[in-house]
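File shown here: protein-v5.txt, holding compact mmCIF, C-alpha atoms and all ligand atoms.
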```
# COMPACT_ATOMS: atom_id res chain seq x y z
CA MET A 1 64.48 203.87 -0.75
CA THR A 2 63.57 205.57 2.49
CA THR A 3 65.92 205.16 5.42
CA GLU A 4 64.88 202.96 8.29
CA ILE A 5 66.15 202.64 11.86
CA LYS A 6 69.33 200.57 11.76
CA ASN A 7 68.68 196.80 11.92
CA LEU A 8 64.90 197.21 12.17
CA LYS A 9 64.27 195.45 8.90
CA LYS A 10 66.71 192.73 9.88
CA ALA A 11 64.83 192.23 13.17
CA ALA A 12 61.48 192.12 11.34
CA ASN A 13 62.76 189.52 8.87
CA ARG A 14 64.19 187.36 11.64
CA ILE A 15 60.88 187.46 13.50
CA LEU A 16 58.99 186.63 10.30
CA LYS A 17 61.28 183.67 9.71
CA ALA A 18 60.64 182.45 13.26
CA ILE A 19 56.89 182.76 12.73
CA LYS A 20 57.06 180.85 9.47
CA ASN A 21 59.22 178.06 10.91
CA LYS A 22 57.12 177.82 14.10
CA GLU A 23 60.17 178.60 16.22
CA LYS A 24 59.49 179.47 19.83
CA ILE A 25 59.48 183.20 20.46
CA ILE A 26 59.82 184.83 23.88
CA VAL A 27 58.89 188.47 24.32
CA TYR A 28 60.70 190.08 27.25
CA GLY A 29 59.92 193.65 28.25
CA ASP A 30 60.60 196.26 30.85
CA ALA A 31 57.71 196.46 33.32
CA ASP A 32 56.96 200.15 32.75
CA LEU A 33 54.28 201.36 30.37
CA ASP A 34 56.72 201.72 27.46
CA GLY A 35 57.90 198.13 27.90
CA VAL A 36 54.41 196.77 28.50
CA SER A 37 52.92 198.53 25.45
CA SER A 38 55.83 197.36 23.32
CA VAL A 39 55.26 193.76 24.43
CA ILE A 40 51.53 193.97 23.67
CA ILE A 41 52.11 195.33 20.16
CA LEU A 42 54.69 192.71 19.28
CA GLU A 43 52.72 189.89 20.89
CA GLU A 44 49.52 190.79 19.06
CA SER A 45 51.40 191.15 15.77
CA ILE A 46 53.00 187.71 16.12
CA LYS A 47 49.71 186.10 17.15
CA ASN A 48 48.00 187.68 14.17
CA LEU A 49 50.39 185.79 11.94
CA GLU A 50 49.92 182.62 14.01
CA GLY A 51 53.44 182.65 15.36
CA GLN A 52 54.32 180.64 18.44
CA ILE A 53 54.84 182.72 21.57
CA ALA A 54 56.38 180.45 24.20
CA ALA A 55 56.43 183.05 26.99
CA ILE A 56 56.07 186.67 27.90
CA TYR A 57 58.24 188.01 30.68
CA PHE A 58 58.54 191.20 32.67
CA PRO A 59 61.21 191.44 35.40
CA ASP A 60 59.63 192.36 38.73
CA ARG A 61 61.19 195.76 39.45
CA GLU A 62 61.03 195.29 43.20
CA LYS A 63 62.44 191.77 43.37
CA GLU A 64 64.70 191.58 40.31
CA GLY A 65 65.46 195.14 39.35
CA TYR A 66 65.51 196.33 35.76
CA GLY A 67 66.66 194.85 32.49
CA ILE A 68 67.47 191.25 31.63
CA THR A 69 67.77 189.56 35.01
CA LYS A 70 69.30 186.35 36.23
CA GLN A 71 65.93 185.34 37.69
CA GLY A 72 64.29 186.02 34.34
CA LEU A 73 66.74 183.83 32.48
CA ASP A 74 66.43 181.07 35.09
CA TYR A 75 62.68 181.10 34.62
CA LEU A 76 62.84 181.17 30.82
CA LYS A 77 65.64 178.69 30.18
CA LYS A 78 63.21 175.77 29.94
CA HIS A 79 62.06 177.25 26.60
CA ALA A 80 65.52 177.29 25.01
CA PRO A 81 66.34 177.17 22.16
CA ALA A 82 64.14 180.14 21.28
CA LEU A 83 64.20 183.62 19.83
CA LEU A 84 64.37 186.04 22.75
CA VAL A 85 63.09 189.48 21.78
CA VAL A 86 63.92 192.04 24.46
CA LEU A 87 62.01 195.32 24.45
CA ASP A 88 62.86 198.59 26.21
CA CYS A 89 65.77 197.17 28.20
CA GLY A 90 68.96 195.18 27.72
CA ILE A 91 71.43 197.64 26.17
CA GLY A 92 73.49 197.54 29.40
CA ASN A 93 73.07 193.80 30.11
CA PHE A 94 76.48 192.66 28.82
CA LYS A 95 76.80 189.72 31.19
CA GLU A 96 73.18 188.59 31.07
CA ILE A 97 73.13 188.51 27.25
CA LYS A 98 76.23 186.32 27.27
CA ILE A 99 74.42 183.96 29.64
CA ALA A 100 71.25 184.03 27.51
CA LYS A 101 73.21 183.03 24.44
CA LYS A 102 74.92 180.20 26.31
CA LEU A 103 71.48 178.96 27.35
CA GLY A 104 70.54 178.69 23.67
CA PHE A 105 68.67 181.92 23.05
CA GLU A 106 69.09 184.05 19.97
CA VAL A 107 68.76 187.60 21.27
CA ILE A 108 67.16 190.60 19.56
CA LEU A 109 67.23 193.91 21.45
CA ILE A 110 64.81 196.71 20.61
CA GLU A 111 65.88 199.66 22.71
CA HIS A 112 65.97 203.42 22.99
CA HIS A 113 68.18 203.89 26.04
CA GLU A 114 71.62 205.45 25.79
CA VAL A 115 74.30 203.15 24.42
CA LEU A 116 77.08 202.67 26.97
CA ASP A 117 80.82 202.31 26.22
CA LYS A 118 80.23 199.25 24.03
CA LEU A 119 77.34 197.20 22.67
CA PRO A 120 76.27 193.90 24.26
CA GLU A 121 76.68 190.71 22.22
CA ALA A 122 73.06 190.40 21.12
CA ASP A 123 72.44 188.95 17.65
CA ILE A 124 70.50 191.97 16.43
CA ILE A 125 70.44 195.37 18.14
CA VAL A 126 67.99 198.10 17.23
CA ASP A 127 68.67 201.36 19.06
CA PRO A 128 68.45 204.69 17.26
CA LYS A 129 71.24 205.93 19.53
CA GLN A 130 73.80 203.39 18.34
CA GLU A 131 76.63 204.36 16.04
CA GLY A 132 75.85 204.11 12.36
CA ASP A 133 72.11 204.61 12.78
CA LYS A 134 71.22 207.00 9.97
CA TYR A 135 67.57 207.42 10.81
CA PRO A 136 67.09 211.15 11.45
CA PHE A 137 64.65 210.91 14.37
CA LYS A 138 66.28 209.64 17.57
CA GLN A 139 63.71 210.40 20.25
CA PHE A 140 61.31 207.48 20.00
CA ALA A 141 60.05 205.67 23.05
CA THR A 142 60.63 201.95 22.52
CA VAL A 143 56.94 201.60 21.74
CA GLY A 144 57.36 203.92 18.72
CA ILE A 145 60.15 201.72 17.37
CA VAL A 146 58.09 198.58 18.00
CA PHE A 147 55.17 200.12 16.12
CA ARG A 148 57.45 200.58 13.10
CA LEU A 149 58.61 196.98 13.60
CA ALA A 150 54.99 195.79 13.68
CA LYS A 151 54.35 197.54 10.37
CA LEU A 152 57.28 195.69 8.81
CA VAL A 153 56.15 192.38 10.29
CA LEU A 154 52.43 192.64 9.50
CA LYS A 155 52.65 194.66 6.26
CA GLU A 156 49.20 194.74 4.62
CA GLN A 157 47.87 192.45 7.34
CA MET A 158 47.86 195.34 9.81
CA SER A 159 44.14 196.11 9.82
CA GLU A 160 42.91 199.63 10.39
CA SER A 161 41.52 198.71 13.81
CA LEU A 162 44.78 197.07 14.87
CA ARG A 163 46.75 200.10 13.67
CA LYS A 164 44.52 202.48 15.62
CA SER A 165 44.73 200.37 18.73
CA PHE A 166 48.53 200.13 18.51
CA LEU A 167 48.78 203.89 18.09
CA GLU A 168 46.69 204.41 21.24
CA LEU A 169 49.34 202.41 23.12
CA VAL A 170 52.13 204.32 21.38
CA ALA A 171 50.56 207.63 22.42
CA MET A 172 50.12 206.66 26.07
CA ALA A 173 53.56 205.10 26.45
CA THR A 174 55.45 207.84 24.60
CA ILE A 175 53.90 210.37 26.96
CA ALA A 176 54.55 208.13 29.99
CA ASP A 177 58.22 207.77 29.02
CA MET A 178 58.47 211.57 28.81
CA MET A 179 59.84 211.51 25.28
CA PRO A 180 59.75 214.87 23.50
CA ARG A 181 56.44 215.46 21.76
CA ILE A 182 57.94 216.51 18.44
CA ASP A 183 58.18 215.21 14.86
CA GLU A 184 57.15 211.56 14.58
CA ASN A 185 56.27 211.30 18.26
CA GLU A 186 53.91 214.23 17.87
CA GLU A 187 52.22 212.64 14.85
CA MET A 188 51.79 209.25 16.51
CA ILE A 189 50.52 210.82 19.73
CA ALA A 190 47.95 212.89 17.83
CA GLN A 191 46.72 209.84 15.93
CA GLY A 192 46.63 207.64 19.01
CA LEU A 193 44.81 210.15 21.17
CA SER A 194 42.20 210.75 18.48
CA SER A 195 40.73 207.28 18.98
CA ILE A 196 41.57 206.62 22.62
CA ARG A 197 38.13 207.52 23.98
CA THR A 198 36.55 205.00 21.62
CA SER A 199 39.19 202.32 22.14
CA TRP A 200 38.04 198.72 21.86
CA ARG A 201 40.30 197.75 24.74
CA PRO A 202 38.12 197.31 27.87
CA GLY A 203 41.06 198.44 30.02
CA ILE A 204 41.38 201.76 28.21
CA GLN A 205 37.59 202.21 28.31
CA ALA A 206 37.57 201.62 32.06
CA LEU A 207 40.37 204.13 32.59
CA PHE A 208 38.95 206.93 30.48
CA GLU A 209 35.43 206.57 31.84
CA LEU A 210 36.50 206.98 35.46
CA GLU A 211 34.16 209.33 37.29
CA PRO A 212 36.88 211.51 38.90
CA PHE A 213 38.50 212.02 35.47
CA LYS A 214 35.35 213.22 33.74
CA SER A 215 36.03 216.94 34.14
CA LEU A 216 39.66 216.69 32.93
CA THR A 217 41.03 217.40 29.48
CA LEU A 218 42.15 214.44 27.42
CA ILE A 219 45.83 215.05 28.05
CA GLN A 220 45.24 215.42 31.82
CA GLN A 221 43.38 212.10 31.68
CA VAL A 222 46.35 210.51 29.95
CA TYR A 223 48.70 211.71 32.70
CA LYS A 224 46.37 210.37 35.38
CA THR A 225 45.84 207.02 33.70
CA ASN A 226 49.57 206.70 33.07
CA SER A 227 50.30 207.15 36.75
CA LEU A 228 47.74 204.42 37.55
CA LEU A 229 49.30 202.12 34.96
CA ASN A 230 52.68 202.66 36.56
CA ILE A 231 51.60 201.20 39.90
CA ARG A 232 53.36 198.00 40.77
CA ASN A 233 50.86 195.19 41.16
CA VAL A 234 52.16 191.86 39.92
CA GLU A 235 49.95 188.80 39.52
CA ASN A 236 50.96 185.60 37.75
CA ARG A 237 54.23 187.40 36.99
CA LEU A 238 52.37 190.02 34.96
CA PRO A 239 52.31 193.73 35.85
CA ALA A 240 48.94 195.44 36.25
CA ALA A 241 49.41 197.57 33.12
CA PHE A 242 49.79 194.45 30.97
CA ARG A 243 46.78 192.75 32.55
CA LEU A 244 44.60 195.81 32.23
CA LEU A 245 45.52 196.65 28.64
CA THR A 246 44.93 193.08 27.48
CA VAL A 247 41.88 192.08 29.55
CA SER A 248 38.84 191.20 27.44
CA ASP A 249 36.17 191.55 30.11
CA ARG A 250 34.81 194.98 30.92
CA LYS A 251 33.89 194.13 34.52
CA GLU A 252 37.31 192.71 35.28
CA ALA A 253 38.86 195.85 33.83
CA ALA A 254 36.76 198.08 36.08
CA GLU A 255 37.71 196.05 39.16
CA LEU A 256 41.40 196.28 38.37
CA VAL A 257 41.14 200.04 37.85
CA GLU A 258 39.45 200.38 41.26
CA LYS A 259 42.27 198.44 42.86
CA LEU A 260 44.87 200.65 41.19
CA LEU A 261 43.09 203.80 42.37
CA GLU A 262 43.29 202.56 45.97
CA LYS A 263 46.94 201.64 45.56
CA SER A 264 47.76 205.04 44.10
CA ILE A 265 46.55 206.73 47.28
CA GLN A 266 48.86 204.53 49.37
CA LYS A 267 51.70 205.16 46.95
CA LYS A 268 51.41 208.94 47.21
CA LYS A 269 51.53 208.69 50.97
CA LYS A 270 54.67 206.56 50.91
CA ILE A 271 56.41 208.89 48.44
CA LYS A 272 55.63 211.84 50.68
CA GLU A 273 57.21 210.02 53.63
CA ILE A 274 60.36 209.26 51.65
CA ILE A 275 60.70 212.89 50.56
CA GLU A 276 60.25 214.14 54.11
CA GLU A 277 62.90 211.76 55.37
CA ILE A 278 65.36 212.89 52.69
CA GLU A 279 64.70 216.59 53.25
CA ASN A 280 65.42 216.12 56.94
CA ARG A 281 68.70 214.43 56.14
CA ILE A 282 69.90 216.95 53.55
CA SER A 283 68.98 220.05 55.50
CA ARG A 284 72.53 220.12 56.91
CA LYS A 285 74.34 219.09 53.73
CA LYS A 286 75.75 221.36 51.05
CA ASP A 287 76.61 218.74 48.36
CA ASN A 288 76.04 219.45 44.68
CA ILE A 289 74.03 216.21 44.39
CA ILE A 290 71.45 214.48 46.56
CA PHE A 291 72.64 210.93 47.22
CA GLU A 292 70.57 209.03 49.78
CA GLY A 293 69.56 205.45 50.52
CA ASN A 294 67.60 203.31 52.92
CA SER A 295 66.95 199.57 53.21
CA GLY A 296 63.25 200.19 53.84
CA TRP A 297 62.47 202.19 50.71
CA GLU A 298 60.63 200.53 47.83
CA LEU A 299 62.68 200.83 44.66
CA ILE A 300 59.60 201.46 42.60
CA LEU A 301 58.84 204.68 44.50
CA LEU A 302 62.30 206.16 44.17
CA GLY A 303 61.97 207.41 40.59
CA VAL A 304 59.01 209.61 41.46
CA ALA A 305 60.60 210.80 44.71
CA ALA A 306 63.85 211.62 42.88
CA SER A 307 61.94 213.46 40.20
CA ILE A 308 60.13 215.69 42.72
CA LEU A 309 63.36 216.38 44.63
CA SER A 310 65.41 217.17 41.52
CA GLN A 311 62.83 219.69 40.36
CA LYS A 312 62.63 221.32 43.76
CA HIS A 313 66.35 221.46 44.53
CA GLN A 314 67.63 221.70 40.93
CA LYS A 315 70.27 219.04 41.58
CA PRO A 316 70.83 215.51 40.29
CA VAL A 317 69.17 213.12 42.75
CA PHE A 318 70.43 209.56 43.34
CA LEU A 319 68.17 207.45 45.58
CA TYR A 320 68.77 203.81 46.36
CA ARG A 321 67.37 200.88 48.26
CA LYS A 322 70.17 199.30 50.26
CA ASP A 323 70.03 195.51 50.34
CA LYS A 324 72.38 193.10 52.06
CA ASP A 325 75.37 193.33 49.72
CA ASP A 326 74.33 195.75 47.03
CA SER A 327 72.02 198.62 46.27
CA GLN A 328 69.68 199.46 43.41
CA GLY A 329 68.97 203.06 42.63
CA SER A 330 66.96 205.52 40.60
CA ILE A 331 68.19 208.88 39.34
CA ARG A 332 66.51 212.04 38.11
CA ALA A 333 68.21 215.27 37.07
CA PRO A 334 67.16 218.75 35.96
CA ALA A 335 67.32 219.53 32.24
CA GLY A 336 70.80 220.21 30.87
CA LEU A 337 72.60 217.61 32.99
CA ASN A 338 73.41 214.09 31.84
CA VAL A 339 73.50 211.46 34.56
CA VAL A 340 74.35 208.64 32.15
CA GLU A 341 77.59 210.50 31.30
CA SER A 342 78.27 210.99 35.01
CA MET A 343 77.97 207.24 35.56
CA LYS A 344 80.17 206.47 32.56
CA ALA A 345 82.81 208.59 34.32
CA CYS A 346 82.28 206.60 37.56
CA SER A 347 81.53 203.21 35.97
CA LYS A 348 84.42 201.52 37.81
CA CYS A 349 82.33 201.79 41.01
CA LEU A 350 79.19 200.28 39.43
CA MET A 351 77.77 196.84 38.67
CA THR A 352 75.11 198.07 36.22
CA TYR A 353 73.83 201.40 35.02
CA GLY A 354 71.83 202.89 32.18
CA GLY A 355 68.93 205.02 31.05
CA HIS A 356 68.37 208.51 29.74
CA PRO A 357 70.26 211.76 30.45
CA GLN A 358 67.64 212.92 32.94
CA ALA A 359 66.25 209.59 34.17
CA ALA A 360 68.37 206.55 34.83
CA GLY A 361 69.19 203.70 37.19
CA PHE A 362 72.15 201.93 38.73
CA GLY A 363 73.27 198.90 40.70
CA VAL A 364 76.26 199.15 43.05
CA LYS A 365 78.01 197.03 45.68
CA ASN A 366 77.45 198.56 49.12
CA LYS A 367 81.19 198.75 49.76
CA LYS A 368 81.50 201.01 46.69
CA LEU A 369 78.68 203.41 47.65
CA GLU A 370 80.90 206.02 49.27
CA GLU A 371 83.44 205.95 46.43
CA PHE A 372 80.61 206.27 43.89
CA LYS A 373 79.18 209.26 45.72
CA GLU A 374 82.57 211.02 45.90
CA CYS A 375 83.18 210.35 42.21
CA LEU A 376 79.79 211.89 41.33
CA ILE A 377 80.42 214.95 43.50
CA ASP A 378 83.75 215.46 41.68
CA TYR A 379 82.08 214.95 38.31
CA PHE A 380 79.35 217.52 38.91
CA ASP A 381 81.76 220.01 40.48
MN MN A 401 61.33 203.27 27.57
```
How does the structure come out when it is put into structure tokens?
Amino acid sequence: MTTEIKNLKKAANRILKAIKNKEKIIVYGDADLDGVSSVIILEESIKNLEGQIAAIYFPDREKEGYGITKQGLDYLKKHAPALLVVLDCGIGNFKEIKIAKKLGFEVILIEHHEVLDKLPEADIIVDPKQEGDKYPFKQFATVGIVFRLAKLVLKEQMSESLRKSFLELVAMATIADMMPRIDENEEMIAQGLSSIRTSWRPGIQALFELEPFKSLTLIQQVYKTNSLLNIRNVENRLPAAFRLLTVSDRKEAAELVEKLLEKSIQKKKKIKEIIEEIENRISRKKDNIIFEGNSGWELILLGVAASILSQKHQKPVFLYRKDKDDSQGSIRAPAGLNVVESMKACSKCLMTYGGHPQAAGFGVKNKKLEEFKECLIDYFD
């Protein structure tokens, strides 16, 4: 018997049972391309088997933050009891998962983020980084894990065209999530990219036929389209990436792509302004980290700004939007550092935190901001 990612088969069997018994299934995903692609693959797999999807939900990054949110559970509770399958987030949502279970949800987490000090109380947890996971490859994006899940759920009912289309999503999202392009990721990316220019998805067609992209190589096109798909544009509670990758009308797809192109120009301008503001502030500081916040910054822009600053200054960069009582932040760090470990060391200051060694997020009470900053400076000293 070949090894499988821990609990993946268990998750597949539970989903199959729910499909067979016509139980309500909710698919909840992070709003980035990895989460969105994961949701699409699982949704289309369940629909193929005529399962009953009661709702799809993505937390609005700007209004709710990341992960399983209180707002999300409030919105979804009318569907309880149901099977709540959470993709690409949730491993740090200890409190929210307790609430979800009280509301009557059975919770399955499919995750690839770093496991924190303990595991949340979900019914089934799939995360290659959890203890006891014997599967040799650990570097999947969530979408890669969900593709393996889809194979277990659909078995011989995964048609060749569905498989190709899923792999196109796996390729785009694995690259977008900056997972290492090695081993199984490399194989899936190669397969996915081989059919992407002839994708049957109108959204992918519209993206790859864009006039300004025509002279680019395929991989350059993927980077460009990924940055368009990462633009926050929520309608009917659905992020643009989800709408575009599932739209069936070619004209609608082209219109949405146009809109995203316009928004990307505005986004670049705003990121530039944030970076200028930070560089002004830090010009007099000698700290070993960059730790800055503002109530006017859009949370969604802070990851990119932090990434540019961490490359340029070769320091871990913590940027946050300061709200009334608490702050939400985004972190990027140069290779070799691990910001998740730094937050574990300072977790007493934090409400929530999680992510990858070089890209993560946090939530903190404003009165703890200074203490958190000092703790980080000590940690990185
Ligand atoms: Mn991810």
>> Could you list, as a VMD selection string, all residues that come within 9 Å of ligand MN 401 (chain A)? Count only C-alpha atoms and all ligand atoms.
In response: chain A and resid 30 32 to 35 87 to 89 111 to 113 140 to 143 173 to 174 176 to 179 355
Cut-off 10 Å: closest segment 55-123 of chain A/segment 298-317 of chain A atom pairs per residue, using all atoms listed in the file, as CSV:
```
residue,atom,partner,partner_atom,distance
A:Asp60,CA,A:Ile300,CA,9.9
A:Arg61,CA,A:Ile300,CA,6.7
A:Glu62,CA,A:Leu299,CA,6.0
A:Lys63,CA,A:Leu299,CA,9.2
A:Gly65,CA,A:Leu299,CA,8.3
```
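The space separating atom CA of Gly72 of chain A from atom CA of Arg332 of chain A comes to 26.4 Å.
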> Leaving out Ala150 of chain A and any residue of its chain fewer than 2 positions from it, which residues lie within 10 Å of it when counting all atoms listed in the file, given as a list in words?
Replying inline: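 With the cut-off at 10 Å, the set is Ala12, Ser38, Ile41, Leu42, Glu43, Glu44, Ser45, Ile46, Gly144, Ile145, Val146, Phe147, Arg148, Leu152, Val153, Leu154, Lys155, Met158, Arg163 and Phe166 of chain A.
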>> For a test of reading the model, state the distance in Å between atom CA of Ile19 of chain A and atom CA of Ser159 of chain A, rounded to one decimal.
In response: 18.7 Å
> Of the residues A:Asn48, A:Thr352, A:Cys346, A:Leu319, which is the one nearest to Gly67 of chain A, using all atoms listed in the file?
Replying inline: A:Thr352
